[in-house]
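To start, the structure itself, in structure tokens.
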Amino acid sequence: MGENGGVPYFIITAYIAVMTAAGYLIATPAALYVLTTMFAGGGSSTLKGRLLFSVAVAVIIYVIYVYAFGLTLPSGMLFE
């Protein structure tokens, strides 16, 4: 599995737990940021670039699912 071992699996498991509690719009950018930082591996990506990418991807997916498909994404127990 490489030098990261089971870390991506742990992040996905934590992502599911956080999404259940806090919802999609909080959990997804955070998980994407952690994953992009981990897989950047010393590349030339910047903090600002990874943050913008994480938020942009989460918002794009949200818009597609909610407005194009008419589905709802988890809002989290904290916000119900």
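In the structure tokens, chains take letters A, B, ... by order of appearance, with residues numbered from 1 within each chain and ligands from 1 in the order shown.
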
Selection: 10 Å around Ala14 (chain A), only C-alpha atoms, excl. self and same-chain fewer than 6 positions, as an mmCIF file with N, CA, C and O atoms, in the first residue's frame:
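Saved as around.cif:
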```
data_model
loop_
_atom_site.group_PDB
_atom_site.id
_atom_site.type_symbol
_atom_site.label_atom_id
_atom_site.label_comp_id
_atom_site.auth_asym_id
_atom_site.auth_seq_id
_atom_site.Cartn_x
_atom_site.Cartn_y
_atom_site.Cartn_z
ATOM 1 N N PRO A 8 -5.440 6.511 3.980
ATOM 2 C CA PRO A 8 -6.626 6.960 3.223
ATOM 3 C C PRO A 8 -7.913 6.292 3.710
ATOM 4 O O PRO A 8 -8.964 6.920 3.720
ATOM 5 N N THR A 20 -21.854 12.557 9.047
ATOM 6 C CA THR A 20 -23.055 12.217 9.803
ATOM 7 C C THR A 20 -23.354 13.295 10.844
ATOM 8 O O THR A 20 -24.500 13.675 11.040
ATOM 9 N N ALA A 27 -17.877 18.532 6.025
ATOM 10 C CA ALA A 27 -16.999 17.365 6.001
ATOM 11 C C ALA A 27 -16.236 17.219 4.687
ATOM 12 O O ALA A 27 -15.058 16.851 4.692
ATOM 13 N N ALA A 31 -12.177 16.855 4.206
ATOM 14 C CA ALA A 31 -11.608 15.579 3.764
ATOM 15 C C ALA A 31 -10.809 15.754 2.475
ATOM 16 O O ALA A 31 -9.720 15.184 2.329
#
```

| Would you give me, as a ChimeraX atom specification, the residues in chain A that DSSP reads as alpha helix (DSSP H)? | /A:7-22,24-40,47-63

| query | Neighbours of region 52-69 of chain A within 9 Å (only C-alpha atoms; same-chain residues fewer than 2 positions away dropped), as a VMD selection string? | reply | chain A and resid 24 to 25 28 to 33 36 47 to 50 71 to 73

| Which one of A:Ala40, A:Val34, A:Val7, A:Met77 sits closest to Met19 (chain A) if you count only C-alpha atoms? |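 Of the candidates, the smallest distance to Met19 (chain A) is held by A:Met77.
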